[in-house]
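Printed here is final_2.pdb (PDB, C-alpha atoms):
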ATOM      1  CA  MET R  31     -56.362  74.817  37.303
ATOM      2  CA  ASP R  32     -56.997  78.459  36.628
ATOM      3  CA  THR R  33     -57.203  79.560  33.024
ATOM      4  CA  HIS R  34     -54.789  82.399  32.364
ATOM      5  CA  LYS R  35     -56.158  85.633  30.944
ATOM      6  CA  ASN R  36     -54.726  85.087  27.454
ATOM      7  CA  ALA R  37     -56.000  81.535  27.009
ATOM      8  CA  PRO R  38     -58.045  81.403  23.808
ATOM      9  CA  LEU R  39     -60.244  78.567  25.056
ATOM     10  CA  THR R  40     -61.533  77.376  28.384
ATOM     11  CA  PRO R  41     -62.461  73.709  28.783
ATOM     12  CA  LYS R  42     -66.054  74.596  27.768
ATOM     13  CA  GLY R  43     -64.792  76.440  24.704
ATOM     14  CA  ARG R  44     -62.626  73.459  23.807
ATOM     15  CA  GLU R  45     -65.645  71.210  24.040
ATOM     16  CA  ALA R  46     -67.644  73.516  21.777
ATOM     17  CA  MET R  47     -64.807  73.515  19.237
ATOM     18  CA  VAL R  48     -64.425  69.735  19.338
ATOM     19  CA  ARG R  49     -68.155  69.184  18.982
ATOM     20  CA  SER R  50     -68.234  71.555  16.000
ATOM     21  CA  VAL R  51     -65.712  69.225  14.346
ATOM     22  CA  ILE R  52     -67.166  65.884  15.410
ATOM     23  CA  GLU R  53     -70.880  66.642  15.349
ATOM     24  CA  GLY R  54     -71.065  69.840  13.299
ATOM     25  CA  GLY R  55     -69.015  68.659  10.365
ATOM     26  CA  LEU R  56     -66.429  71.450  10.421
ATOM     27  CA  THR R  57     -62.890  70.618   9.422
ATOM     28  CA  LYS R  58     -60.238  71.040  12.092
ATOM     29  CA  ALA R  59     -58.811  73.976  10.146
ATOM     30  CA  ALA R  60     -62.200  75.703   9.932
ATOM     31  CA  ALA R  61     -62.865  75.127  13.632
ATOM     32  CA  ALA R  62     -59.408  76.478  14.456
ATOM     33  CA  LEU R  63     -60.148  79.623  12.483
ATOM     34  CA  ARG R  64     -63.552  80.066  14.111
ATOM     35  CA  PHE R  65     -62.231  79.542  17.651
ATOM     36  CA  ASN R  66     -59.039  81.550  17.085
ATOM     37  CA  VAL R  67     -56.501  78.777  17.675
ATOM     38  CA  SER R  68     -53.989  77.040  15.408
ATOM     39  CA  ALA R  69     -54.965  73.995  13.382
ATOM     40  CA  LYS R  70     -52.423  71.993  15.375
ATOM     41  CA  THR R  71     -54.114  73.011  18.652
ATOM     42  CA  ALA R  72     -57.549  72.126  17.275
ATOM     43  CA  ALA R  73     -56.257  68.714  16.181
ATOM     44  CA  LYS R  74     -54.751  68.158  19.652
ATOM     45  CA  TRP R  75     -58.069  68.824  21.405
ATOM     46  CA  VAL R  76     -60.036  66.660  18.972
ATOM     47  CA  LYS R  77     -57.562  63.804  19.473
ATOM     48  CA  ARG R  78     -57.743  64.136  23.278
ATOM     49  CA  PHE R  79     -61.546  64.248  23.193
ATOM     50  CA  ARG R  80     -61.737  61.103  21.082
ATOM     51  CA  ALA R  81     -59.323  59.292  23.412
ATOM     52  CA  GLU R  82     -60.530  60.571  26.812
ATOM     53  CA  GLY R  83     -63.900  62.252  26.381
ATOM     54  CA  VAL R  84     -64.720  65.581  28.009
ATOM     55  CA  GLY R  85     -62.178  64.912  30.784
ATOM     56  CA  GLY R  86     -59.393  65.110  28.211
ATOM     57  CA  LEU R  87     -60.207  68.769  27.587
ATOM     58  CA  ARG R  88     -59.175  69.938  31.058
ATOM     59  CA  ASP R  89     -55.952  71.866  31.600
ATOM     60  CA  ARG R  90     -52.908  69.752  32.344
ATOM     61  CA  SER R  91     -49.786  70.490  34.293
ATOM     62  CA  SER R  92     -46.705  71.331  32.254
ATOM     63  CA  ARG R  93     -44.417  70.062  35.023
ATOM     64  CA  PRO R  94     -42.083  67.331  33.782
ATOM     65  CA  LEU R  95     -42.616  63.820  35.138
ATOM     66  CA  SER R  96     -38.947  63.550  36.026
ATOM     67  CA  SER R  97     -35.818  65.702  36.232
ATOM     68  CA  PRO R  98     -32.919  63.391  35.401
ATOM     69  CA  SER R  99     -30.322  66.182  35.610
ATOM     70  CA  GLN R 100     -31.529  67.375  39.010
ATOM     71  CA  THR R 101     -28.804  68.393  41.463
ATOM     72  CA  GLN R 102     -28.002  65.609  43.935
ATOM     73  CA  PRO R 103     -29.266  66.084  47.532
ATOM     74  CA  ALA R 104     -25.705  65.928  48.937
ATOM     75  CA  THR R 105     -24.635  68.745  46.608
ATOM     76  CA  CYS R 106     -27.695  70.799  47.619
ATOM     77  CA  ALA R 107     -26.814  70.327  51.278
ATOM     78  CA  ALA R 108     -23.225  71.425  50.659
ATOM     79  CA  VAL R 109     -24.389  74.531  48.772
ATOM     80  CA  GLU R 110     -26.863  75.412  51.539
ATOM     81  CA  ALA R 111     -24.180  75.043  54.212
ATOM     82  CA  LEU R 112     -21.829  77.339  52.316
ATOM     83  CA  ARG R 113     -24.618  79.880  51.789
ATOM     84  CA  ARG R 114     -25.195  79.974  55.529
ATOM     85  CA  HIS R 115     -21.529  80.937  55.866
ATOM     86  CA  ARG R 116     -22.141  83.772  53.360
ATOM     87  CA  HIS R 117     -19.939  82.382  50.587
ATOM     88  CA  THR R 118     -20.423  83.949  47.136
ATOM     89  CA  GLY R 119     -21.721  81.988  44.173
ATOM     90  CA  LYS R 120     -18.244  81.765  42.681
ATOM     91  CA  GLN R 121     -16.770  80.540  45.968
ATOM     92  CA  ILE R 122     -19.495  77.907  46.326
ATOM     93  CA  ALA R 123     -18.992  76.739  42.734
ATOM     94  CA  ALA R 124     -15.250  76.349  43.246
ATOM     95  CA  GLU R 125     -15.656  74.584  46.600
ATOM     96  CA  VAL R 126     -18.374  72.143  45.515
ATOM     97  CA  GLY R 127     -17.125  71.676  41.946
ATOM     98  CA  ILE R 128     -20.224  72.791  40.075
ATOM     99  CA  SER R 129     -20.970  75.567  37.623
ATOM    100  CA  PRO R 130     -22.153  78.836  39.213
ATOM    101  CA  ASP R 131     -25.296  78.487  37.055
ATOM    102  CA  ARG R 132     -25.966  74.985  38.390
ATOM    103  CA  GLN R 133     -26.499  75.992  42.018
ATOM    104  CA  PRO R 134     -29.952  74.981  43.213
ATOM    105  CA  HIS R 135     -32.323  77.658  44.422
ATOM    106  CA  PRO R 136     -32.724  77.474  48.219
ATOM    107  CA  ALA R 137     -36.510  76.976  48.001
ATOM    108  CA  SER R 138     -36.264  74.089  45.515
ATOM    109  CA  ALA R 139     -33.676  72.301  47.638
ATOM    110  CA  ARG R 140     -36.054  72.246  50.609
ATOM    111  CA  ALA R 141     -39.071  71.066  48.587
ATOM    112  CA  GLU R 142     -38.053  67.407  48.915
TER     113      GLU R 142
END

Mind converting the file's structure to structure tokens?
Amino acid sequence: MDTHKNAPLTPKGREAMVRSVIEGGLTKAAAALRFNVSAKTAAKWVKRFRAEGVGGLRDRSSRPLSSPSQTQPATCAAVEALRRHRHTGKQIAAEVGISPDRQPHPASARAE
């Protein structure tokens, strides 16, 4: 994954911070201050390092593992068909019986 421009630590920086706690004797709070992150973030990286080693310091996806309230495929198909007929959002919502805010985005409906 790419590190965004405002990320305070890269995986190498995380490793340096963790090693300063584990090997260098710094407290998590002191390491957090030195590496410009919160104490909670420092504790998270130390915990991951102890559990997974250096591999635990890599960036992780923030995508949820599941989407239990995801719109059903049949509803998506009905919405797409009505969009092709140029119905408005309000018309589609009334026809399909869903909230206008609940209509799936066309790109996400095709991603399956």

Extract, using all atoms listed in the file, all DNA, RNA and protein residues at most 12 Å from Arg80 (chain R), discarding same-chain residues fewer than 5 positions from it, and format them as number ranges by chain.
R: 45, 48-49, 51-52, 73-75, 85-87

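Proximity of R:Gln100, R:Thr57, R:Thr118, R:Ser91 to Ala72 (chain R), computed with all atoms listed in the file, is greatest for R:Thr57.
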
Between CA of Pro38 (chain R) and CA of Glu82 (chain R), what is the spacing in Å?
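Calculated distance between CA of Glu82 (chain R) and CA of Pro38 (chain R) is 21.2 Å.
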
Restricting to all atoms listed in the file, whichever of R:Val76, R:Arg114, R:Asn66, R:Ala107 is closest to Glu53 (chain R) is R:Val76

Region 51-59 of chain R: axis-aligned bounding box, 3 Å on each side, centre and edge lengths in Å, one decimal, as lines of an AutoDock Vina configuration file:
center_x = -64.9
center_y = 69.9
center_z = 12.4
size_x = 18.3
size_y = 14.1
size_z = 12.0

What does the distance from CA of Ala81 (chain R) to CA of Arg44 (chain R) come to in Å, to one decimal?
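Taking CA of Ala81 (chain R) and CA of Arg44 (chain R), their separation equals 14.6 Å.
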
Could you please determine the separation between CA of Thr40 (chain R) and CA of Gly54 (chain R) in Å, to one decimal place?
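Computing it gives 19.4 Å between the two atoms.
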
Got a sec to resolve the PyMOL selection byres ((chain R and resi 113) around 12) on this structure and send the residues as a PyMOL selection string?
chain R and resi 106-112+114-123+125-126+133-136

Taking only C-alpha atoms into account, name the residue in R:Ala62, R:Val84, R:Val67, R:Ile128 that is nearest to Thr105 (chain R).
R:Ile128

Among listed residues R:Lys77, R:Ala61, R:Asp89, R:Ser99, nearest Ala37 (chain R) (using all atoms listed in the file):
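Closest to Ala37 (chain R) of all the choices is R:Asp89.
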
Have region 118-131 of chain R completed to N, CA and C atoms, please, and pass it along as a CSV table (one decimal), keeping the file's coordinate frame.
chain,number,residue,atom,x,y,z
R,118,THR,N,-19.9,83.5,48.4
R,118,THR,CA,-20.4,83.9,47.1
R,118,THR,C,-20.7,82.8,46.2
R,119,GLY,N,-21.4,83.0,45.1
R,119,GLY,CA,-21.7,82.0,44.2
R,119,GLY,C,-20.5,81.4,43.6
R,120,LYS,N,-19.5,82.3,43.3
R,120,LYS,CA,-18.2,81.8,42.7
R,120,LYS,C,-17.5,80.9,43.7
R,121,GLN,N,-17.5,81.3,44.9
R,121,GLN,CA,-16.8,80.5,46.0
R,121,GLN,C,-17.4,79.2,46.1
R,122,ILE,N,-18.8,79.2,46.2
R,122,ILE,CA,-19.5,77.9,46.3
R,122,ILE,C,-19.2,77.0,45.1
R,123,ALA,N,-19.2,77.5,43.9
R,123,ALA,CA,-19.0,76.7,42.7
R,123,ALA,C,-17.6,76.1,42.8
R,124,ALA,N,-16.6,76.9,43.2
R,124,ALA,CA,-15.2,76.3,43.2
R,124,ALA,C,-15.1,75.3,44.3
R,125,GLU,N,-15.7,75.5,45.5
R,125,GLU,CA,-15.7,74.6,46.6
R,125,GLU,C,-16.4,73.3,46.3
R,126,VAL,N,-17.6,73.3,45.7
R,126,VAL,CA,-18.4,72.1,45.5
R,126,VAL,C,-18.1,71.5,44.2
R,127,GLY,N,-17.5,72.2,43.2
R,127,GLY,CA,-17.1,71.7,41.9
R,127,GLY,C,-18.3,71.7,41.0
R,128,ILE,N,-19.1,72.7,41.0
R,128,ILE,CA,-20.2,72.8,40.1
R,128,ILE,C,-20.2,74.2,39.4
R,129,SER,N,-20.9,74.3,38.3
R,129,SER,CA,-21.0,75.6,37.6
R,129,SER,C,-21.7,76.6,38.5
R,130,PRO,N,-21.4,77.8,38.5
R,130,PRO,CA,-22.2,78.8,39.2
R,130,PRO,C,-23.6,78.9,38.8
R,131,ASP,N,-23.9,78.5,37.5
R,131,ASP,CA,-25.3,78.5,37.1
R,131,ASP,C,-26.1,77.3,37.5
